[in-house]
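Input: a single structure, listed below in C-alpha cells.
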Amino acid sequence: MDWGFAHRTWEKWAPTNVGSSGEPLKAAMLLNYDPTGPSRLLSTISEQRGLKLKPVEVSSFLDYIKRNNIQTECFFIDMVTSIHESWFCARCVNTSKAAGEGAIVMQTTSFLLVALYEGSIGSASRAMVSVDQFAWQLSRRSL
C-alpha cells in the first residue's frame with residue numbers, strides 16, 4: 001500500500017471538494033480498510049476533513065460494513081437508497097435541513113471513503129461525481 005500516494009491524493013482532492021459552502025461535500029473521511037487482510041490489522045482513520053472522529057467512534061460502522069448485509073440492516077444513516085458493487089448512498093430521513101442530507105460510502109481496494117453532503121438530487125449528483133473522482137485516482141495505484 002502506498003500511503004504517500006494516498007495522502008498526496010487526499011491533500012489535492014479535499015480542499016477543492018470538502019468543507020466550505022459551494023463545495024460538493026460538507027465532510028469526508030478516508031479509512032484504511034482491507035477485508036481480505038489479516039484480522040490483526042485494524043482499520044484506522046487515514047484522513048478526515050469536516051469531521052473530528054476517533055477510531056473507536058467508527059468501529060461499529062466498520063463492523064456494519066464487514067457484515068456485508070447492507071440490504072437488510074440499518075445504520076445511523078437511516079435509509080439506504082442505492083446499493084452497488086463497491087459503493088452505496090443514503091439519504092437521511094430525519095433531518096433539520098430543509099433540502100435534506102445524505103452520505104456516500106465507496107470502497108476501493110484498500111480504503112473506504114465516507115462522504116457527507118447537504119441538499120437534494122443536484123447536490124447528491126455533485127457529491128457522487130466528487131467521490132468517484134477520488135476513488136478513481138486511488139484505483140490508478142490499486143489502492
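Order determines the names: the first chain of the C-alpha cells is A, the second B, and so forth; residues in each chain are numbered 1 upward, and ligands are numbered 1 upward as they are shown.
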
*asked:* Just want the 12 Å neighbourhood of Glu118 (chain A), counted on only C-alpha atoms, with same-chain residues fewer than 3 positions away dropped. Output as a PyMOL selection string.
replied: chain A and resi 18-27+90-92+95-104+115+121-127

*asked:* Give me, as a PyMOL selection string, all polymer residues having an atom no more than 8 Å from Val114 (chain A), counting only C-alpha atoms and skipping those fewer than 6 positions away in the same chain.
replied: chain A and resi 28-30+103-106
